[in-house]
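Heads up, start.tsv below (TSV, C-alpha atoms and all ligand atoms):
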chain	number	residue	atom	x	y	z
A	241	MET	CA	104.60	83.80	135.90
A	242	LYS	CA	107.49	82.10	134.08
A	243	PHE	CA	107.56	80.52	130.65
A	244	VAL	CA	109.38	77.97	128.56
A	245	VAL	CA	108.73	78.06	124.81
A	246	ASP	CA	109.38	75.50	122.10
A	247	SER	CA	112.08	76.00	119.47
A	248	MET	CA	109.62	77.50	116.96
A	249	LEU	CA	108.80	80.43	119.25
A	250	GLY	CA	112.07	82.36	119.46
A	251	ASN	CA	110.41	85.62	118.50
A	252	LEU	CA	107.73	85.19	121.14
A	253	ALA	CA	110.45	84.45	123.74
A	254	ARG	CA	112.14	87.78	122.94
A	255	TRP	CA	108.83	89.57	123.36
A	256	LEU	CA	108.03	87.97	126.70
A	257	ARG	CA	111.52	88.81	127.97
A	258	LEU	CA	111.08	92.40	126.87
A	259	LEU	CA	107.86	92.48	128.87
A	260	GLY	CA	109.73	91.25	131.94
A	261	TYR	CA	108.73	87.57	131.91
A	262	ASP	CA	111.37	84.99	132.74
A	263	THR	CA	111.28	82.92	129.53
A	264	LEU	CA	113.46	79.99	128.54
A	265	TYR	CA	114.06	79.15	124.91
A	266	PHE	CA	116.30	76.49	123.37
A	267	LYS	CA	117.13	76.18	119.70
A	268	ARG	CA	117.16	72.42	119.94
A	269	ILE	CA	115.59	70.40	122.70
A	270	GLU	CA	113.60	67.19	123.04
A	271	ASP	CA	109.92	67.36	123.98
A	272	TRP	CA	110.37	65.42	127.21
A	273	ARG	CA	113.04	67.86	128.37
A	274	LEU	CA	110.75	70.85	127.74
A	275	ILE	CA	107.99	69.15	129.69
A	276	ASN	CA	110.39	68.37	132.57
A	277	ILE	CA	111.67	71.95	132.70
A	278	ALA	CA	108.12	73.30	132.74
A	279	ARG	CA	107.12	70.93	135.53
A	280	GLU	CA	110.20	71.24	137.72
A	281	ASP	CA	110.45	75.00	137.40
A	282	SER	CA	106.68	75.75	137.39
A	283	ARG	CA	106.82	77.33	133.96
A	284	VAL	CA	103.97	77.62	131.50
A	285	LEU	CA	104.88	75.75	128.33
A	286	LEU	CA	104.06	77.62	125.12
A	287	THR	CA	104.10	75.56	121.96
A	288	LYS	CA	103.10	75.53	118.29
A	289	ASP	CA	103.30	71.75	118.32
A	290	LEU	CA	99.92	70.18	118.99
A	291	SER	CA	101.35	66.79	119.93
A	292	LEU	CA	103.75	68.40	122.44
A	293	TYR	CA	100.84	70.38	123.86
A	294	ARG	CA	98.83	67.18	124.33
A	295	LYS	CA	101.78	65.38	125.93
A	296	ALA	CA	102.26	68.30	128.36
A	297	VAL	CA	98.59	68.40	129.33
A	298	LYS	CA	98.65	64.65	129.93
A	299	LYS	CA	101.52	65.19	132.38
A	300	ASP	CA	99.57	67.95	134.17
A	301	VAL	CA	101.86	70.66	132.87
A	302	LYS	CA	100.23	74.04	132.27
A	303	SER	CA	100.56	74.56	128.54
A	304	ILE	CA	99.14	76.87	125.88
A	305	TYR	CA	98.84	75.83	122.27
A	306	ILE	CA	99.87	78.76	120.07
A	307	GLU	CA	98.11	78.40	116.75
A	308	SER	CA	98.89	81.75	115.13
A	309	SER	CA	102.26	82.96	113.87
A	310	ASP	CA	101.25	86.58	114.26
A	311	ILE	CA	102.86	88.22	117.28
A	312	VAL	CA	99.73	90.23	118.19
A	313	GLU	CA	97.61	87.07	118.10
A	314	MET	CA	100.19	85.11	120.08
A	315	LEU	CA	100.48	87.69	122.85
A	316	ALA	CA	96.71	88.18	123.01
A	317	THR	CA	96.18	84.42	123.35
A	318	ILE	CA	98.63	84.22	126.26
A	319	ALA	CA	97.25	87.30	128.02
A	320	LYS	CA	93.71	85.95	127.72
A	321	GLU	CA	94.49	82.37	128.78
A	322	LEU	CA	96.47	83.44	131.82
A	323	ASP	CA	94.55	86.62	132.58
A	324	ILE	CA	97.70	88.72	132.68
A	325	LYS	CA	98.33	92.27	131.53
A	326	LEU	CA	101.05	92.83	128.96
A	327	VAL	CA	102.71	96.15	129.61
A	328	PHE	CA	106.23	97.41	129.22
A	329	ASP	CA	107.88	98.38	132.49
A	330	GLU	CA	111.32	99.91	132.07
A	331	SER	CA	112.43	98.70	135.50
A	332	ASN	CA	111.36	95.13	134.77
A	333	THR	CA	112.61	94.12	131.36
A	334	ARG	CA	114.87	91.24	130.38
A	335	CYS	CA	117.64	90.75	127.89
A	336	PRO	CA	116.01	89.42	124.69
A	337	LEU	CA	119.13	87.37	124.05
A	338	CYS	CA	119.84	85.72	127.42
A	339	ASN	CA	116.80	86.33	129.68
A	340	THR	CA	118.74	88.22	132.37
A	341	LEU	CA	117.05	91.23	134.04
A	342	LEU	CA	118.41	94.39	132.46
A	343	ILE	CA	119.88	97.22	134.51
A	344	ARG	CA	119.08	100.85	133.75
A	345	VAL	CA	122.28	102.73	133.03
A	346	THR	CA	123.10	106.39	132.49
A	347	LYS	CA	124.44	107.88	129.31
A	348	ALA	CA	127.83	108.36	130.95
A	349	GLU	CA	128.07	104.62	131.61
A	350	ILE	CA	127.56	103.60	127.98
A	351	LEU	CA	129.28	106.46	126.15
A	352	HIS	CA	132.12	104.23	124.99
A	353	LEU	CA	129.85	101.30	124.14
A	354	VAL	CA	127.38	102.66	121.58
A	355	PRO	CA	127.72	104.89	118.48
A	356	GLN	CA	127.80	108.65	119.11
A	357	GLU	CA	124.58	109.21	117.14
A	358	VAL	CA	122.73	106.84	119.46
A	359	VAL	CA	124.07	108.69	122.50
A	360	ASN	CA	122.91	111.98	121.01
A	361	LYS	CA	119.49	110.77	120.02
A	362	TYR	CA	118.26	108.60	122.92
A	363	ASN	CA	118.00	108.97	126.66
A	364	ILE	CA	116.96	105.64	128.11
A	365	PHE	CA	119.54	102.86	128.18
A	366	TRP	CA	119.84	99.41	129.69
A	367	LYS	CA	122.71	97.00	130.00
A	368	CYS	CA	122.64	93.25	130.37
A	369	PRO	CA	124.84	92.29	133.33
A	370	LYS	CA	125.41	88.85	131.79
A	371	CYS	CA	126.07	89.29	128.06
A	372	GLU	CA	126.94	92.99	128.49
A	373	LYS	CA	124.87	94.11	125.53
A	374	VAL	CA	123.48	97.65	125.66
A	375	PHE	CA	119.86	98.40	124.68
A	376	TRP	CA	118.15	101.72	124.21
A	377	GLN	CA	114.68	103.07	123.68
A	378	GLY	CA	115.14	103.58	119.93
A	379	ASN	CA	113.11	103.59	116.75
A	380	HIS	CA	111.79	100.09	117.26
A	381	TRP	CA	110.06	101.54	120.28
A	382	ASN	CA	107.15	102.79	118.21
A	383	THR	CA	106.64	99.29	116.86
A	384	ILE	CA	106.64	97.84	120.36
A	385	SER	CA	104.06	100.34	121.63
A	386	LYS	CA	101.94	99.81	118.55
A	387	ILE	CA	101.95	96.04	118.92
A	388	LEU	CA	101.06	96.24	122.62
A	389	GLU	CA	98.25	98.64	121.77
A	390	GLU	CA	96.90	96.17	119.21
A	391	VAL	CA	97.13	93.32	121.71
A	392	ASN	CA	95.24	95.30	124.34
A	393	SER	CA	92.54	96.48	121.95
A	394	LYS	CA	92.06	92.89	120.79
A	395	LEU	CA	91.67	91.83	124.41
A	396	SER	CA	89.19	94.54	125.27
A	397	MET	CA	87.11	93.55	122.25
A	398	VAL	CA	87.09	89.95	123.41
A	399	GLY	CA	85.97	91.17	126.85
A	400	ARG	CA	83.12	93.14	125.35
A	401	ASP	CA	81.96	90.18	123.26
A	402	ALA	CA	81.83	88.01	126.33
A	403	THR	CA	79.39	90.31	128.10
A	404	HIS	CA	76.76	90.07	125.34
A	501	ZN	ZN	121.99	89.29	127.99

Take the structure in the file and give it back as C-alpha cells.
Amino acid sequence: MKFVVDSMLGNLARWLRLLGYDTLYFKRIEDWRLINIAREDSRVLLTKDLSLYRKAVKKDVKSIYIESSDIVEMLATIAKELDIKLVFDESNTRCPLCNTLLIRVTKAEILHLVPQEVVNKYNIFWKCPKCEKVFWQGNHWNTISKILEEVNSKLSMVGRDATH
C-alpha cells in the first residue's frame, strides 16, 4: 500500500511514513500531476480537496477524501477505508522528511551525531541513509503510542456498531 497526499496533508504524510507507508508529498503540485502519480505508481490519493477527489475518482484512481483535520480521525478514516492495521514497527519505518526507509543504528554509530543527553537517555536509534538525519525513540513516543491507541479504539468501536 503506497500513498500520495495533497499539499494540505503534510502532517498526515509524516505519520504514514512513520508507520512504514511509502508516502509522497509535495508542497506545491498541480492536481493533474497528483492524479498521474497516483495512477502510474498505483498509489492511493489522499486529499482534503473535494474537487480533486472527484476528479481522481472520475479517472479511476483510488482516492480517499479526508474531511477531518484531526490526526486520529484522519488515520482512522484511512485504516477503515482500506482495511489496514496501523501499527508502529521499528524495522519498517520511514524518514518523516524524505520517505526513505530508516536503518536501525547502534548508540556507538550515532555518538558524535546527537547531544550527549540524548545518548544517555534513549536506546533505540535510526538513521536516514538519504538525508542522514538521526531519529530516536524519545519523549514524543508517548504521544505516538497514545494517538495509535485512540485510532485503534475508534476503529474497534466502529466495528462493534456495525454488528448491531
Ligand atoms: Zn531522510

*Report as JSON, numbers by chain which protein, DNA and RNA residues come within 9 Å of ligand ZN 501 (chain A), using all atoms listed in the file.*
{"A": [334, 335, 336, 337, 338, 339, 340, 341, 342, 367, 368, 369, 370, 371, 372, 373, 374]}

*asked:* Could you tell me how far atom CA of A:Thr383 sits from atom CA of A:Val359, in Å to one decimal place?
replied: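 Atom CA of A:Val359 sits 20.6 Å away from atom CA of A:Thr383.
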
Residues at most 8 Å from stretch 285-291 of chain A, counting only C-alpha atoms, excluding those fewer than 5 positions away in the same chain, as a compact mmCIF listing (two decimals) with C-alpha atoms, keeping the file's coordinate frame?
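Resulting contents of around.txt:
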# COMPACT_ATOMS: atom_id res chain seq x y z
CA PHE A 243 107.56 80.52 130.65
CA VAL A 244 109.38 77.97 128.56
CA VAL A 245 108.73 78.06 124.81
CA ASP A 246 109.38 75.50 122.10
CA MET A 248 109.62 77.50 116.96
CA LEU A 249 108.80 80.43 119.25
CA LEU A 274 110.75 70.85 127.74
CA ILE A 275 107.99 69.15 129.69
CA ALA A 278 108.12 73.30 132.74
CA ALA A 296 102.26 68.30 128.36
CA VAL A 301 101.86 70.66 132.87
CA LYS A 302 100.23 74.04 132.27
CA SER A 303 100.56 74.56 128.54
CA ILE A 304 99.14 76.87 125.88
CA TYR A 305 98.84 75.83 122.27
CA ILE A 306 99.87 78.76 120.07
CA GLU A 307 98.11 78.40 116.75

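Atom to atom, atom CA of A:Lys394 and atom CA of A:Leu292 stand 27.2 Å apart.
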
*Could you tell me which of A:Leu322, A:Ala253, A:Leu353, A:Leu395 comes closest to A:Lys267 if we count all atoms listed in the file?*
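Between A:Leu322, A:Ala253, A:Leu353, A:Leu395, the residue approaching A:Lys267 most closely is A:Ala253.
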
Can you take stretch 294-388 of chain A from the block and write C-alpha atoms as a PDB file, in the first residue's frame?
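Everything below was put into part_26.pdb:
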ATOM      1  CA  ARG A 294     -13.966  13.815  -7.604  1.00  0.00           C
ATOM      2  CA  LYS A 295     -11.504  14.302 -10.470  1.00  0.00           C
ATOM      3  CA  ALA A 296      -9.433  11.338  -9.231  1.00  0.00           C
ATOM      4  CA  VAL A 297     -12.455   9.065  -8.904  1.00  0.00           C
ATOM      5  CA  LYS A 298     -13.542  10.018 -12.416  1.00  0.00           C
ATOM      6  CA  LYS A 299     -10.130   8.869 -13.671  1.00  0.00           C
ATOM      7  CA  ASP A 300     -10.466   5.563 -11.797  1.00  0.00           C
ATOM      8  CA  VAL A 301      -7.799   6.498  -9.285  1.00  0.00           C
ATOM      9  CA  LYS A 302      -8.264   5.080  -5.792  1.00  0.00           C
ATOM     10  CA  SER A 303      -8.763   8.135  -3.621  1.00  0.00           C
ATOM     11  CA  ILE A 304      -9.936   8.923  -0.103  1.00  0.00           C
ATOM     12  CA  TYR A 305     -11.500  12.236   0.796  1.00  0.00           C
ATOM     13  CA  ILE A 306     -10.137  13.353   4.167  1.00  0.00           C
ATOM     14  CA  GLU A 307     -12.716  15.593   5.786  1.00  0.00           C
ATOM     15  CA  SER A 308     -11.275  15.975   9.279  1.00  0.00           C
ATOM     16  CA  SER A 309      -8.146  17.876  10.286  1.00  0.00           C
ATOM     17  CA  ASP A 310      -7.706  15.765  13.392  1.00  0.00           C
ATOM     18  CA  ILE A 311      -4.897  13.242  13.046  1.00  0.00           C
ATOM     19  CA  VAL A 312      -6.787  10.495  14.920  1.00  0.00           C
ATOM     20  CA  GLU A 313      -9.818  10.945  12.664  1.00  0.00           C
ATOM     21  CA  MET A 314      -7.655  11.040   9.544  1.00  0.00           C
ATOM     22  CA  LEU A 315      -5.773   7.846  10.370  1.00  0.00           C
ATOM     23  CA  ALA A 316      -8.961   6.061  11.431  1.00  0.00           C
ATOM     24  CA  THR A 317     -10.648   7.007   8.143  1.00  0.00           C
ATOM     25  CA  ILE A 318      -7.753   5.598   6.114  1.00  0.00           C
ATOM     26  CA  ALA A 319      -7.477   2.407   8.168  1.00  0.00           C
ATOM     27  CA  LYS A 320     -11.207   1.799   7.830  1.00  0.00           C
ATOM     28  CA  GLU A 321     -11.472   2.585   4.109  1.00  0.00           C
ATOM     29  CA  LEU A 322      -8.518   0.390   3.191  1.00  0.00           C
ATOM     30  CA  ASP A 323      -8.958  -2.209   5.911  1.00  0.00           C
ATOM     31  CA  ILE A 324      -5.366  -1.870   7.071  1.00  0.00           C
ATOM     32  CA  LYS A 325      -3.863  -2.017  10.539  1.00  0.00           C
ATOM     33  CA  LEU A 326      -1.893   0.977  11.740  1.00  0.00           C
ATOM     34  CA  VAL A 327       0.924  -0.188  13.949  1.00  0.00           C
ATOM     35  CA  PHE A 328       4.422   1.026  14.555  1.00  0.00           C
ATOM     36  CA  ASP A 329       7.102  -1.439  13.501  1.00  0.00           C
ATOM     37  CA  GLU A 330      10.621  -0.345  14.365  1.00  0.00           C
ATOM     38  CA  SER A 331      12.098  -2.318  11.478  1.00  0.00           C
ATOM     39  CA  ASN A 332       9.713  -0.754   8.966  1.00  0.00           C
ATOM     40  CA  THR A 333       9.601   2.975   9.498  1.00  0.00           C
ATOM     41  CA  ARG A 334      10.386   5.771   7.071  1.00  0.00           C
ATOM     42  CA  CYS A 335      12.062   9.127   7.321  1.00  0.00           C
ATOM     43  CA  PRO A 336       9.301  11.680   8.025  1.00  0.00           C
ATOM     44  CA  LEU A 337      11.244  14.217   5.973  1.00  0.00           C
ATOM     45  CA  CYS A 338      12.185  12.301   2.816  1.00  0.00           C
ATOM     46  CA  ASN A 339      10.247   8.990   2.835  1.00  0.00           C
ATOM     47  CA  THR A 340      13.357   6.765   2.793  1.00  0.00           C
ATOM     48  CA  LEU A 341      13.301   3.561   4.890  1.00  0.00           C
ATOM     49  CA  LEU A 342      15.210   4.203   8.099  1.00  0.00           C
ATOM     50  CA  ILE A 343      18.046   1.976   9.264  1.00  0.00           C
ATOM     51  CA  ARG A 344      18.376   0.912  12.894  1.00  0.00           C
ATOM     52  CA  VAL A 345      21.732   2.043  14.241  1.00  0.00           C
ATOM     53  CA  THR A 346      23.586   1.409  17.474  1.00  0.00           C
ATOM     54  CA  LYS A 347      24.485   4.028  20.027  1.00  0.00           C
ATOM     55  CA  ALA A 348      28.129   3.790  19.002  1.00  0.00           C
ATOM     56  CA  GLU A 349      27.225   4.763  15.440  1.00  0.00           C
ATOM     57  CA  ILE A 350      25.473   7.997  16.402  1.00  0.00           C
ATOM     58  CA  LEU A 351      27.535   9.107  19.398  1.00  0.00           C
ATOM     59  CA  HIS A 352      29.023  12.033  17.506  1.00  0.00           C
ATOM     60  CA  LEU A 353      25.737  12.984  15.842  1.00  0.00           C
ATOM     61  CA  VAL A 354      23.319  13.653  18.700  1.00  0.00           C
ATOM     62  CA  PRO A 355      23.586  15.521  22.031  1.00  0.00           C
ATOM     63  CA  GLN A 356      25.123  13.595  24.931  1.00  0.00           C
ATOM     64  CA  GLU A 357      21.894  13.772  26.970  1.00  0.00           C
ATOM     65  CA  VAL A 358      20.014  12.017  24.182  1.00  0.00           C
ATOM     66  CA  VAL A 359      22.655   9.284  24.048  1.00  0.00           C
ATOM     67  CA  ASN A 360      22.362   8.822  27.808  1.00  0.00           C
ATOM     68  CA  LYS A 361      18.597   8.781  27.888  1.00  0.00           C
ATOM     69  CA  TYR A 362      17.496   6.704  24.882  1.00  0.00           C
ATOM     70  CA  ASN A 363      18.363   3.328  23.457  1.00  0.00           C
ATOM     71  CA  ILE A 364      16.654   2.981  20.100  1.00  0.00           C
ATOM     72  CA  PHE A 365      18.041   4.988  17.195  1.00  0.00           C
ATOM     73  CA  TRP A 366      17.507   5.159  13.453  1.00  0.00           C
ATOM     74  CA  LYS A 367      19.348   6.934  10.700  1.00  0.00           C
ATOM     75  CA  CYS A 368      18.086   8.040   7.319  1.00  0.00           C
ATOM     76  CA  PRO A 369      20.504   6.780   4.658  1.00  0.00           C
ATOM     77  CA  LYS A 370      19.432   9.606   2.348  1.00  0.00           C
ATOM     78  CA  CYS A 371      19.205  12.818   4.384  1.00  0.00           C
ATOM     79  CA  GLU A 372      21.378  11.385   7.182  1.00  0.00           C
ATOM     80  CA  LYS A 373      19.128  12.636   9.951  1.00  0.00           C
ATOM     81  CA  VAL A 374      19.131  10.627  13.191  1.00  0.00           C
ATOM     82  CA  PHE A 375      15.874   9.756  14.988  1.00  0.00           C
ATOM     83  CA  TRP A 376      15.353   8.212  18.390  1.00  0.00           C
ATOM     84  CA  GLN A 377      12.553   6.791  20.457  1.00  0.00           C
ATOM     85  CA  GLY A 378      12.171   9.921  22.603  1.00  0.00           C
ATOM     86  CA  ASN A 379       9.517  11.788  24.518  1.00  0.00           C
ATOM     87  CA  HIS A 380       7.243  12.188  21.525  1.00  0.00           C
ATOM     88  CA  TRP A 381       6.975   8.428  21.646  1.00  0.00           C
ATOM     89  CA  ASN A 382       4.244   8.551  24.260  1.00  0.00           C
ATOM     90  CA  THR A 383       2.229  10.827  22.010  1.00  0.00           C
ATOM     91  CA  ILE A 384       2.637   8.448  19.089  1.00  0.00           C
ATOM     92  CA  SER A 385       1.504   5.419  21.113  1.00  0.00           C
ATOM     93  CA  LYS A 386      -1.395   7.382  22.544  1.00  0.00           C
ATOM     94  CA  ILE A 387      -2.592   8.513  19.130  1.00  0.00           C
ATOM     95  CA  LEU A 388      -2.359   4.991  17.694  1.00  0.00           C
TER      96      LEU A 388
END
